$ cat target_8.cif   # mmCIF, C-alpha atoms
data_upload
loop_
_atom_site.label_atom_id
_atom_site.label_comp_id
_atom_site.auth_asym_id
_atom_site.auth_seq_id
_atom_site.Cartn_x
_atom_site.Cartn_y
_atom_site.Cartn_z
CA MET N 32 112.10 67.79 124.83
CA GLU N 33 111.41 67.07 121.17
CA ILE N 34 108.25 67.35 119.06
CA ASP N 35 108.20 65.41 115.82
CA ALA N 36 105.78 67.34 113.62
CA ARG N 37 107.09 65.95 110.35
CA GLY N 38 104.36 65.08 107.88
CA LEU N 39 101.68 66.88 109.87
CA SER N 40 99.66 69.41 107.93
CA CYS N 41 99.08 72.95 109.11
CA PRO N 42 98.05 73.84 111.85
CA GLN N 43 98.79 70.62 113.72
CA PRO N 44 102.52 71.39 114.22
CA VAL N 45 101.48 74.63 115.95
CA ILE N 46 98.88 72.88 118.10
CA GLU N 47 101.42 70.26 119.22
CA THR N 48 103.97 72.98 119.98
CA ARG N 49 101.36 75.02 121.81
CA LYS N 50 100.54 72.14 124.17
CA VAL N 51 104.18 71.96 125.23
CA LEU N 52 104.93 75.71 125.40
CA PHE N 53 101.88 76.29 127.60
CA GLU N 54 103.67 74.21 130.24
CA SER N 55 106.49 76.80 130.20
CA VAL N 56 109.27 74.37 129.34
CA PRO N 57 112.64 76.17 128.95
CA SER N 58 113.65 74.57 125.65
CA VAL N 59 112.03 72.48 122.92
CA LEU N 60 113.16 71.00 119.61
CA VAL N 61 110.51 70.91 116.88
CA LEU N 62 111.05 68.89 113.70
CA VAL N 63 109.04 70.06 110.69
CA ASP N 64 109.11 69.22 106.99
CA ASN N 65 107.02 71.91 105.33
CA ILE N 66 107.51 75.64 105.02
CA ALA N 67 104.14 76.67 106.35
CA ALA N 68 104.79 74.62 109.50
CA LYS N 69 108.25 76.15 109.90
CA GLU N 70 106.85 79.67 109.60
CA ASN N 71 103.76 79.08 111.74
CA VAL N 72 105.66 77.40 114.58
CA SER N 73 108.35 80.11 114.51
CA ARG N 74 105.73 82.87 114.60
CA PHE N 75 103.88 81.22 117.45
CA ALA N 76 107.03 80.56 119.47
CA THR N 77 108.17 84.17 119.02
CA ALA N 78 104.77 85.37 120.22
CA MET N 79 105.20 83.12 123.29
CA LYS N 80 108.56 84.83 123.96
CA TYR N 81 110.83 82.05 122.81
CA ASP N 82 113.98 82.54 120.74
CA VAL N 83 113.86 80.48 117.56
CA SER N 84 116.90 79.18 115.71
CA VAL N 85 116.34 77.24 112.51
CA THR N 86 118.66 74.55 111.14
CA GLU N 87 118.08 72.98 107.75
CA THR N 88 118.14 69.17 107.80
CA SER N 89 117.79 66.35 105.28
CA TYR N 90 114.02 66.08 105.90
CA GLY N 91 113.22 69.78 106.41
CA TRP N 92 114.03 71.92 109.42
CA LYS N 93 114.90 71.63 113.07
CA LEU N 94 113.56 74.50 115.17
CA ASP N 95 115.34 75.10 118.45
CA LEU N 96 113.06 77.04 120.79
CA GLN N 97 114.63 78.62 123.89
CA LYS N 98 112.67 80.56 126.52
CA GLN N 99 113.88 84.17 126.57
CA MET U 277 105.52 95.53 111.25
CA THR U 278 107.26 92.29 110.38
CA LYS U 279 108.41 91.47 106.85
CA GLU U 280 105.84 88.68 106.76
CA LYS U 281 102.98 91.08 107.55
CA ARG U 282 104.22 93.68 105.06
CA ASN U 283 104.41 91.09 102.29
CA LEU U 284 100.92 89.82 103.05
CA LEU U 285 99.64 93.40 103.02
CA ILE U 286 101.07 93.99 99.55
CA ALA U 287 100.00 90.58 98.21
CA GLY U 288 96.46 90.97 99.56
CA THR U 289 96.13 94.42 98.03
CA ILE U 290 97.35 93.26 94.61
CA THR U 291 95.03 90.25 94.76
CA GLY U 292 91.99 92.43 95.48
CA VAL U 293 92.85 94.83 92.67
CA VAL U 294 93.42 91.96 90.20
CA SER U 295 90.09 90.39 91.24
CA VAL U 296 88.00 93.47 90.58
CA SER U 297 89.92 94.08 87.32
CA LEU U 298 88.84 90.63 86.10
CA VAL U 299 85.22 91.62 86.71
CA LEU U 300 85.75 94.85 84.75
CA LEU U 301 87.15 92.73 81.91
CA GLY U 302 84.21 90.32 81.79
CA ASN U 303 83.99 87.99 84.79
CA PRO U 304 80.62 87.84 86.64
CA ALA U 305 80.10 90.48 89.36
CA ASN U 306 82.14 89.92 92.53
CA MET U 307 83.66 86.86 90.84
CA GLY U 308 87.15 87.97 89.86
CA PHE U 309 88.12 84.82 91.66
CA CYS U 310 85.92 82.12 93.11
CA ILE U 311 87.73 78.85 93.62
CA ALA U 312 84.52 76.90 94.18
CA CYS U 313 82.61 78.46 91.26
CA PHE U 314 85.59 78.00 88.96
CA TYR U 315 86.02 74.29 89.75
CA ARG U 316 82.29 74.02 89.15
CA ASP U 317 82.70 75.73 85.76
CA ILE U 318 85.64 73.45 84.92
CA ALA U 319 83.53 70.38 85.86
CA GLY U 320 80.91 71.75 83.46
CA ALA U 321 83.42 72.38 80.66
CA LEU U 322 84.50 68.73 80.99
CA SER U 323 80.84 67.57 80.76
CA LEU U 324 80.99 66.21 84.30
CA HIS U 325 77.67 68.01 84.84
CA GLY U 326 75.09 69.34 82.43
CA ALA U 327 74.21 72.75 83.86
CA ALA U 328 74.49 74.79 80.66
CA ALA U 329 74.97 78.13 82.42
CA VAL U 330 78.13 77.16 84.32
CA GLN U 331 80.53 75.57 81.84
CA TYR U 332 83.93 77.14 81.17
CA ALA U 333 87.50 75.89 81.69
CA ARG U 334 88.47 78.85 83.88
CA PRO U 335 92.08 79.80 83.08
CA GLU U 336 92.37 81.47 86.51
CA ILE U 337 92.45 78.04 88.19
CA ILE U 338 94.98 76.72 85.67
CA GLY U 339 97.11 79.79 86.39
CA LEU U 340 96.87 79.36 90.16
CA ILE U 341 98.08 75.76 90.02
CA LEU U 342 100.79 76.34 87.43
CA GLY U 343 101.90 79.58 89.10
CA ALA U 344 102.33 77.79 92.43
CA PHE U 345 104.08 74.91 90.65
CA VAL U 346 106.59 77.10 88.80
CA ILE U 347 107.41 79.44 91.68
CA SER U 348 107.79 76.58 94.15
CA LEU U 349 110.22 74.89 91.74
CA ALA U 350 112.14 78.13 91.26
CA LYS U 351 112.35 78.78 95.01
CA LYS U 352 113.21 75.16 95.80
CA GLU U 353 109.97 74.81 97.75
CA PHE U 354 108.46 72.14 95.52
CA ARG U 355 108.09 69.26 97.96
CA PRO U 356 106.25 66.16 96.73
CA ARG U 357 104.30 64.87 99.71
CA GLY U 358 101.19 62.80 100.20
CA GLY U 359 99.58 59.83 101.80
CA SER U 360 97.80 61.60 104.66
CA SER U 361 94.29 60.09 104.42
CA PRO U 362 93.71 60.88 100.73
CA MET U 363 90.23 59.33 100.62
CA ILE U 364 89.00 61.16 103.73
CA ARG U 365 90.35 64.38 102.23
CA PHE U 366 88.39 63.65 99.07
CA VAL U 367 85.17 63.19 101.06
CA ILE U 368 85.64 66.32 103.20
CA SER U 369 86.49 68.41 100.10
CA PHE U 370 83.41 67.03 98.37
CA PHE U 371 81.22 68.46 101.14
CA VAL U 372 83.22 71.70 101.29
CA MET U 373 82.17 72.18 97.67
CA ILE U 374 78.52 71.31 98.44
CA GLY U 375 78.58 73.97 101.18
CA ALA U 376 80.23 76.56 98.93
CA LEU U 377 77.61 76.05 96.21
CA ILE U 378 74.81 76.47 98.78
CA PHE U 379 76.20 79.94 99.54
CA LEU U 380 77.44 80.45 95.95
CA GLY U 381 81.07 81.14 96.61
CA CYS U 382 84.24 80.03 98.34
CA PRO U 383 85.82 82.11 101.15
CA PHE U 384 87.73 84.11 98.51
CA ARG U 385 84.52 85.11 96.71
CA MET U 386 82.87 85.76 100.07
CA LEU U 387 85.42 88.54 100.63
CA LEU U 388 84.93 89.85 97.09
CA ARG U 389 81.13 89.81 97.53
CA LEU U 390 81.57 91.71 100.79
CA GLY U 391 83.83 94.19 99.00
CA GLY U 392 81.06 94.67 96.44
CA GLY U 393 78.53 95.49 99.15
CA ASP U 394 76.73 92.13 99.15
CA LEU U 395 75.57 91.82 102.76
CA ASN U 396 74.62 88.16 102.34
CA ALA U 397 78.37 87.58 102.46
CA LEU U 398 78.44 89.13 105.94
CA VAL U 399 76.01 86.44 107.13
CA ALA U 400 78.18 83.85 105.39
CA LEU U 401 81.29 85.25 107.12
CA ALA U 402 79.63 84.66 110.49
CA GLY U 403 78.93 81.09 109.42
CA PHE U 404 82.49 80.66 108.12
CA ILE U 405 83.92 81.81 111.47
CA ALA U 406 81.55 79.49 113.37
CA GLY U 407 82.65 76.57 111.20
CA ILE U 408 86.33 77.37 111.72
CA ILE U 409 85.89 77.56 115.50
CA ALA U 410 84.08 74.19 115.50
CA GLY U 411 86.86 72.64 113.38
CA SER U 412 89.58 74.19 115.58
CA LEU U 413 87.99 72.64 118.67
CA LEU U 414 88.23 69.23 117.00
CA LEU U 415 91.91 69.88 116.17
CA ASN U 416 92.51 70.78 119.81
CA ARG U 417 90.91 67.50 120.85
CA GLY U 418 93.36 65.53 118.76
CA PHE U 419 91.82 65.37 115.29
CA THR U 420 94.44 64.48 112.69
CA LEU U 421 94.48 63.10 109.19
CA GLY U 422 97.84 61.47 109.88
CA ARG U 423 101.31 62.17 108.58
CA SER U 424 102.17 62.62 104.94
CA GLN U 425 105.20 60.95 103.43
CA GLN U 426 107.68 61.99 100.81
CA GLN U 427 106.52 61.16 97.29
CA THR U 428 108.16 61.10 93.88
CA PRO U 429 108.32 64.31 91.81
CA LEU U 430 105.97 62.56 89.37
CA GLU U 431 103.31 62.10 92.06
CA GLY U 432 103.78 65.70 93.24
CA GLY U 433 103.69 67.16 89.75
CA ALA U 434 100.82 65.09 88.38
CA ILE U 435 98.06 67.58 89.17
CA SER U 436 100.01 70.39 87.49
CA ALA U 437 100.45 68.19 84.42
CA VAL U 438 96.69 67.56 84.35
CA PHE U 439 95.92 71.28 84.42
CA LEU U 440 98.63 72.00 81.84
CA ALA U 441 96.85 69.48 79.62
CA LEU U 442 93.56 71.30 80.24
CA LEU U 443 95.24 74.57 79.21
CA ILE U 444 96.54 73.01 75.99
CA ILE U 445 93.06 71.68 75.20
CA LEU U 446 91.48 75.07 75.97
CA LEU U 447 93.94 76.87 73.68
CA PHE U 448 94.26 74.41 70.80
CA ILE U 449 91.32 71.97 70.78
CA PRO U 450 88.53 73.91 72.51
CA SER U 451 85.94 71.88 70.61
CA LEU U 452 86.48 69.12 73.21
CA LEU U 453 85.15 71.42 75.93
CA LYS U 454 81.75 72.90 76.68
CA PHE U 455 81.34 76.68 76.79
CA SER U 456 78.28 78.37 78.30
CA THR U 457 76.53 80.75 75.92
CA THR U 458 74.40 82.33 78.67
CA GLY U 459 74.71 82.70 82.44
CA PRO U 460 77.78 83.12 84.65
CA GLY U 461 79.83 80.59 82.65
CA SER U 462 79.55 82.77 79.55
CA MET U 463 80.93 85.80 81.38
CA HIS U 464 84.70 85.89 81.46
CA ALA U 465 87.74 88.05 80.88
CA PRO U 466 89.92 87.21 77.83
CA ILE U 467 91.70 83.84 78.28
CA VAL U 468 95.23 85.28 78.31
CA ILE U 469 94.37 87.88 80.93
CA SER U 470 92.57 85.33 83.14
CA LEU U 471 95.56 83.02 82.85
CA ALA U 472 98.03 85.80 83.71
CA ALA U 473 95.88 86.88 86.68
CA GLY U 474 95.80 83.28 87.91
CA LEU U 475 99.57 82.94 87.55
CA LEU U 476 100.19 86.20 89.42
CA VAL U 477 97.82 85.41 92.29
CA GLY U 478 99.11 81.82 92.37
CA ILE U 479 102.67 83.08 92.83
CA LEU U 480 101.65 85.62 95.48
CA ALA U 481 99.55 83.06 97.36
CA GLN U 482 102.38 80.49 97.28
CA ARG U 483 104.97 82.97 98.52
CA ASN U 484 102.78 84.29 101.31
CA ARG U 485 100.99 81.07 102.38
CA PHE U 486 97.73 82.91 101.79
CA CYS U 487 94.77 81.22 103.47
CA MET U 488 91.28 82.54 104.10
CA ALA U 489 90.57 79.95 106.81
CA GLY U 490 94.05 80.10 108.34
CA GLY U 491 93.78 83.80 109.22
CA ILE U 492 90.68 83.30 111.35
CA ARG U 493 91.97 80.00 112.74
CA ASP U 494 95.24 81.59 113.96
CA ILE U 495 93.31 84.35 115.73
CA PHE U 496 91.19 81.74 117.48
CA LEU U 497 94.02 79.33 118.28
CA PHE U 498 96.79 81.71 119.26
CA ARG U 499 95.72 85.33 118.79
CA ASP U 500 98.01 85.93 115.83
CA SER U 501 96.77 88.24 113.11
CA THR U 502 99.55 87.77 110.53
CA LEU U 503 97.68 85.54 108.09
CA LEU U 504 94.46 87.50 108.53
CA ILE U 505 96.11 90.62 107.06
CA GLY U 506 96.06 89.02 103.60
CA SER U 507 92.30 88.44 103.73
CA VAL U 508 91.60 91.89 105.18
CA MET U 509 93.58 93.55 102.38
CA VAL U 510 91.71 91.57 99.70
CA LEU U 511 88.48 92.89 101.22
CA VAL U 512 89.69 96.48 101.58
CA SER U 513 91.27 96.76 98.14
CA SER U 514 88.29 95.19 96.36
CA LEU U 515 85.98 97.52 98.29
CA VAL U 516 87.99 100.57 97.22
CA MET U 517 88.17 99.34 93.61
CA ASN U 518 84.40 98.74 93.53
CA LEU U 519 83.71 102.19 94.99
CA VAL U 520 86.04 103.90 92.51
CA THR U 521 84.64 102.06 89.47
CA GLY U 522 81.01 102.42 90.56
CA HIS U 523 80.42 98.70 91.08
CA PHE U 524 79.67 98.97 94.79
CA LYS U 525 76.07 98.04 95.56
CA LEU U 526 75.11 97.79 99.22
CA GLY U 527 72.30 95.47 100.28
CA PHE U 528 70.92 91.95 100.44
CA ALA U 529 68.56 91.72 97.46
CA GLY U 530 69.42 91.79 93.77
CA GLN U 531 73.10 90.84 94.14
CA SER U 532 74.78 88.99 91.28
CA VAL U 533 75.00 85.16 91.54
CA ALA U 534 73.67 85.26 95.11
CA HIS U 535 70.52 84.55 97.11
CA THR U 536 69.13 86.02 100.34
CA GLN U 537 68.31 82.91 102.41
CA TRP U 538 70.38 83.95 105.39
CA LEU U 539 70.17 80.66 107.31
CA TRP U 540 71.55 78.71 104.35
CA ASN U 541 74.18 81.31 103.52
CA PHE U 542 75.30 80.90 107.13
CA LEU U 543 75.18 77.09 107.17
CA GLY U 544 76.69 76.65 103.69
CA MET U 545 79.74 78.71 104.60
CA ALA U 546 79.91 77.13 108.08
CA LEU U 547 80.30 73.78 106.32
CA VAL U 548 83.10 75.26 104.20
CA GLY U 549 84.91 76.61 107.28
CA TYR U 550 84.44 73.39 109.23
CA GLY U 551 85.82 71.19 106.44
CA SER U 552 88.60 73.64 105.49
CA VAL U 553 90.11 73.72 108.97
CA LEU U 554 90.16 69.91 109.13
CA LEU U 555 91.82 69.79 105.70
CA GLY U 556 94.35 72.40 106.79
CA GLY U 557 93.31 75.17 104.42
CA CYS U 558 90.59 76.84 102.38
CA PRO U 559 89.91 75.90 98.72
CA LEU U 560 92.45 78.51 97.52
CA ARG U 561 95.16 77.15 99.82
CA GLN U 562 94.38 73.57 98.75
CA THR U 563 94.77 74.65 95.13
CA ILE U 564 98.15 76.29 95.82
CA LEU U 565 99.41 73.35 97.89
CA ALA U 566 98.43 71.01 95.06
CA GLY U 567 100.66 73.04 92.74
CA GLU U 568 103.49 72.88 95.29
CA GLY U 569 103.53 69.10 95.01
CA ASN U 570 101.18 68.11 97.83
CA SER U 571 99.18 65.22 96.39
CA ASP U 572 96.84 65.20 99.41
CA SER U 573 95.73 68.66 98.33
CA ALA U 574 95.49 67.37 94.76
CA MET U 575 92.95 64.87 96.13
CA SER U 576 91.11 67.83 97.68
CA VAL U 577 90.99 69.47 94.26
CA LEU U 578 89.52 66.30 92.76
CA GLY U 579 87.06 66.07 95.67
CA MET U 580 85.92 69.63 94.96
CA VAL U 581 85.49 68.93 91.24
CA ALA U 582 83.46 65.80 92.06
CA GLY U 583 81.42 67.71 94.64
CA ALA U 584 80.61 70.38 92.06
CA ALA U 585 79.56 67.78 89.50
CA PHE U 586 77.27 66.02 91.99
CA SER U 587 75.96 69.36 93.16
CA HIS U 588 74.64 70.21 89.70
CA ASN U 589 73.74 66.69 88.57
CA PHE U 590 71.54 66.20 91.64
CA GLY U 591 70.16 69.71 91.95
CA LEU U 592 71.95 70.56 95.20
CA ALA U 593 73.47 73.88 94.14
CA SER U 594 71.66 77.12 94.90
CA SER U 595 70.75 79.69 92.27
CA ALA U 596 69.74 83.35 92.41
CA GLN U 597 66.27 82.01 93.32
CA GLY U 598 67.66 80.39 96.47
CA THR U 599 68.49 76.97 97.83
CA THR U 600 66.82 73.68 96.89
CA ALA U 601 65.33 71.15 99.33
CA ARG U 602 67.92 68.62 98.17
CA GLY U 603 70.71 71.11 98.72
CA ARG U 604 69.55 71.77 102.27
CA VAL U 605 69.48 68.03 103.01
CA ALA U 606 72.96 67.60 101.47
CA THR U 607 74.32 70.40 103.69
CA ILE U 608 73.04 68.67 106.82
CA ILE U 609 74.47 65.35 105.58
CA GLY U 610 77.81 67.15 105.10
CA PHE U 611 77.89 68.25 108.75
CA VAL U 612 76.93 64.74 109.89
CA VAL U 613 79.51 62.96 107.72
CA ILE U 614 82.41 65.27 108.62
CA THR U 615 81.53 65.14 112.32
CA ALA U 616 81.29 61.34 112.20
CA ILE U 617 84.73 61.15 110.55
CA ALA U 618 86.16 63.43 113.24
CA VAL U 619 84.60 61.48 116.11
CA VAL U 620 85.94 58.17 114.80
CA ILE U 621 89.44 59.63 114.39
CA ILE U 622 89.48 61.29 117.81
CA GLN U 623 88.20 58.12 119.52
CA ALA U 624 90.84 56.01 117.79
CA LYS U 625 93.56 58.47 118.87
CA LYS U 626 92.33 58.33 122.47
CA LYS U 627 92.40 54.55 122.46
CA GLU U 628 95.88 54.60 120.95
CA ALA U 629 97.14 56.98 123.65
CA TYR U 630 95.50 54.84 126.36
CA ASN U 631 97.07 51.63 125.06
CA GLY U 632 100.39 53.40 124.64
CA ASN U 633 100.49 54.37 128.31
#

$ encode --input "target_8.cif" --output "structure tokens"
Amino acid sequence: MEIDARGLSCPQPVIETRKVLFESVPSVLVLVDNIAAKENVSRFATAMKYDVSVTETSYGWKLDLQKQ
Amino acid sequence: MTKEKRNLLIAGTITGVVSVSLVLLGNPANMGFCIACFYRDIAGALSLHGAAAVQYARPEIIGLILGAFVISLAKKEFRPRGGSSPMIRFVISFFVMIGALIFLGCPFRMLLRLGGGDLNALVALAGFIAGIIAGSLLLNRGFTLGRSQQQTPLEGGAISAVFLALLIILLFIPSLLKFSTTGPGSMHAPIVISLAAGLLVGILAQRNRFCMAGGIRDIFLFRDSTLLIGSVMVLVSSLVMNLVTGHFKLGFAGQSVAHTQWLWNFLGMALVGYGSVLLGGCPLRQTILAGEGNSDSAMSVLGMVAGAAFSHNFGLASSAQGTTARGRVATIIGFVVITAIAVVIIQAKKKEAYNGN
């Protein structure tokens, strides 16, 4: 499962992620291209008990969310 | 406590202390910072409106933008982006400013007014929260201003260059600008101190993604209090500073640059909250993002300056005597226009999703 949140301004990346995480999917990839989105999605995912690993990419960051 | 929360706690505290210090050094009461009032004063300094009492090229704003610009460059966070509905952002920001000048303050000054004991700001806070909840509901229903794209460094840096030019004019050819001799515009801390305060708060706000609307929005959307800590600390530290320096004055009546029409304090700030959430940040956050290279936020800055100019040219702005009939009508128009924009966008998204399936 992948969410492309590139170019979306805060808080839309979080809202898009929220829709998916509320369905209790085991793992999601979120693509973001601004720092606020990276931090907000990470914070939200952690609060939802997901492990977050961040990889830097050419456009921004890839957030790999895995259900704990 | 996470590192993020600790940093916001420190940044919020410093920001509150700096704000009250600016008042002690000459700024109007509870107006160490007021993003809306300061854009209004800048519009006046540039003769975009003729209200003689509110004309001054506030160095705090210049500092905020340049501070965010410099620190984002230094931290490799300067990211030129834009192209996400710039004109709609202009229009929404225009009405955010109309709303702010009905209440007489942006969310930042609302906290500082509260910290000074001005209870009208408490009414405004209720309105601000109501506006944020309304805007958040629209976001949940699919409201979006579309994706931004990468831009050139020139596009991203243009707004900073504009404000650098304003600084140069203020320092070296001030005769081009208007300066209030009476009223709030005539009250200010020394230029160098205002500029330094702006730079400092600009850097702190950039590093910590400070946002007055975001804190409340995150609580509503996903029960996270991280961003709210910044706002709470601005309130607490300004309250303590005002108490210590004897500037705390509890009550509704007789507050500086404020009026007591509770309904319009509520609605004015509700319009600010409503528009801010749809834009993705309060006036302070828009200012910082503009410095970071976001030209959509630069459009918001221009929308706010235009809104301030219209507000005073057409007698929409409130004064210590209260609101004007025109201002009340403009506030209602603001709600109607922003809601209409949102409905059109959400309907179009629905249709798109339907056709896509």

$ resolve_selection --input "target_8.cif" --expression "the PyMOL selection byres ((chain N) within 8 of (chain U))" --output "PyMOL selection string"
chain N and resi 37-43+46+65-67+75

$ write_last_selection --input "target_8.cif" --atoms "C-alpha atoms" --output "tab-separated table (two decimals), in the frame of the given file"
chain	number	residue	atom	x	y	z
N	37	ARG	CA	107.09	65.95	110.35
N	38	GLY	CA	104.36	65.08	107.88
N	39	LEU	CA	101.68	66.88	109.87
N	40	SER	CA	99.66	69.41	107.93
N	41	CYS	CA	99.08	72.95	109.11
N	42	PRO	CA	98.05	73.84	111.85
N	43	GLN	CA	98.79	70.62	113.72
N	46	ILE	CA	98.88	72.88	118.10
N	65	ASN	CA	107.02	71.91	105.33
N	66	ILE	CA	107.51	75.64	105.02
N	67	ALA	CA	104.14	76.67	106.35
N	75	PHE	CA	103.88	81.22	117.45

$ resolve_selection --input "target_8.cif" --expression "the PyMOL selection byres ((chain N and resi 32) around 8)" --output "VMD selection string"
chain N and resid 33 to 34 58 to 60

$ atom_distance --input "target_8.cif" --atom1 "CA of Gly381 (chain U)" --atom2 "CA of Ile505 (chain U)"
20.6 Å

$ resolve_selection --input "target_8.cif" --expression "the PyMOL selection byres ((chain U and resi 513) around 12)" --output "ChimeraX atom specification"
/U:285-297,387-388,390-392,505-512,514-520

$ write_last_selection --input "target_8.cif" --atoms "C-alpha atoms" --output "CSV table (one decimal), in the coordinates of the input"
chain,number,residue,atom,x,y,z
U,285,LEU,CA,99.6,93.4,103.0
U,286,ILE,CA,101.1,94.0,99.6
U,287,ALA,CA,100.0,90.6,98.2
U,288,GLY,CA,96.5,91.0,99.6
U,289,THR,CA,96.1,94.4,98.0
U,290,ILE,CA,97.4,93.3,94.6
U,291,THR,CA,95.0,90.2,94.8
U,292,GLY,CA,92.0,92.4,95.5
U,293,VAL,CA,92.8,94.8,92.7
U,294,VAL,CA,93.4,92.0,90.2
U,295,SER,CA,90.1,90.4,91.2
U,296,VAL,CA,88.0,93.5,90.6
U,297,SER,CA,89.9,94.1,87.3
U,387,LEU,CA,85.4,88.5,100.6
U,388,LEU,CA,84.9,89.8,97.1
U,390,LEU,CA,81.6,91.7,100.8
U,391,GLY,CA,83.8,94.2,99.0
U,392,GLY,CA,81.1,94.7,96.4
U,505,ILE,CA,96.1,90.6,107.1
U,506,GLY,CA,96.1,89.0,103.6
U,507,SER,CA,92.3,88.4,103.7
U,508,VAL,CA,91.6,91.9,105.2
U,509,MET,CA,93.6,93.6,102.4
U,510,VAL,CA,91.7,91.6,99.7
U,511,LEU,CA,88.5,92.9,101.2
U,512,VAL,CA,89.7,96.5,101.6
U,514,SER,CA,88.3,95.2,96.4
U,515,LEU,CA,86.0,97.5,98.3
U,516,VAL,CA,88.0,100.6,97.2
U,517,MET,CA,88.2,99.3,93.6
U,518,ASN,CA,84.4,98.7,93.5
U,519,LEU,CA,83.7,102.2,95.0
U,520,VAL,CA,86.0,103.9,92.5

$ residues_around --input "target_8.cif" --residues "Phe404 (chain U)" --least-positions-apart "6" --cutoff "9 Å" --atoms "all atoms listed in the file" --output "MDAnalysis selection string"
chainID U and resid 383 489 542:550

$ residues_around --input "target_8.cif" --residues "Met575 (chain U)" --least-positions-apart "4" --cutoff "8 Å" --atoms "only C-alpha atoms" --output "list in words"
Pro362, Met363, Arg365, Phe366, Ser571 and Gly579 of chain U

$ atom_distance --input "target_8.cif" --atom1 "CA of Ile409 (chain U)" --atom2 "CA of Met488 (chain U)"
13.6 Å

$ atom_distance --input "target_8.cif" --atom1 "CA of Cys313 (chain U)" --atom2 "CA of Pro559 (chain U)"
10.7 Å

$ closest_residue --input "target_8.cif" --among "U:Lys281, U:His535, U:Lys352, U:Arg389" --to "Gly491 (chain U)" --atoms "only C-alpha atoms"
U:Lys281

$ residues_near_point --input "target_8.cif" --point "(113.3, 80.0, 125.7)" --cutoff "6 Å" --atoms "only C-alpha atoms" --output "ChimeraX atom specification"
/N:57-58,81-82,96-99

$ closest_residue --input "target_8.cif" --among "U:Lys279, U:Ile405, U:Ala434, U:Phe370" --to "Arg74 (chain N)" --atoms "only C-alpha atoms"
U:Lys279

$ residues_around --input "target_8.cif" --residues "Val45 (chain N)" --least-positions-apart "4" --cutoff "7 Å" --atoms "all atoms listed in the file" --output "CSV table (one decimal) with C-alpha atoms, in the frame of the given file"
chain,number,residue,atom,x,y,z
N,49,ARG,CA,101.4,75.0,121.8
N,71,ASN,CA,103.8,79.1,111.7
N,72,VAL,CA,105.7,77.4,114.6

$ closest_residue --input "target_8.cif" --among "U:Cys382, U:Ala406, U:Leu443, U:Val299" --to "Cys558 (chain U)" --atoms "all atoms listed in the file"
U:Cys382

$ residues_around --input "target_8.cif" --residues "Arg483 (chain U)" --least-positions-apart "2" --cutoff "9 Å" --atoms "only C-alpha atoms" --output "PyMOL selection string"
chain U and resi 283+344+347-348+478-481+485-486

$ residues_around --input "target_8.cif" --residues "Pro466 (chain U)" --least-positions-apart "5" --cutoff "10 Å" --atoms "only C-alpha atoms" --output "ChimeraX atom specification"
/U:298,301-303,335,471

$ write_last_selection --input "target_8.cif" --atoms "C-alpha atoms" --output "PDB file, in the coordinates of the input"
ATOM      1  CA  LEU U 298      88.840  90.630  86.100  1.00  0.00           C
ATOM      2  CA  LEU U 301      87.150  92.730  81.910  1.00  0.00           C
ATOM      3  CA  GLY U 302      84.210  90.320  81.790  1.00  0.00           C
ATOM      4  CA  ASN U 303      83.990  87.990  84.790  1.00  0.00           C
ATOM      5  CA  PRO U 335      92.080  79.800  83.080  1.00  0.00           C
ATOM      6  CA  LEU U 471      95.560  83.020  82.850  1.00  0.00           C
TER       7      LEU U 471
END
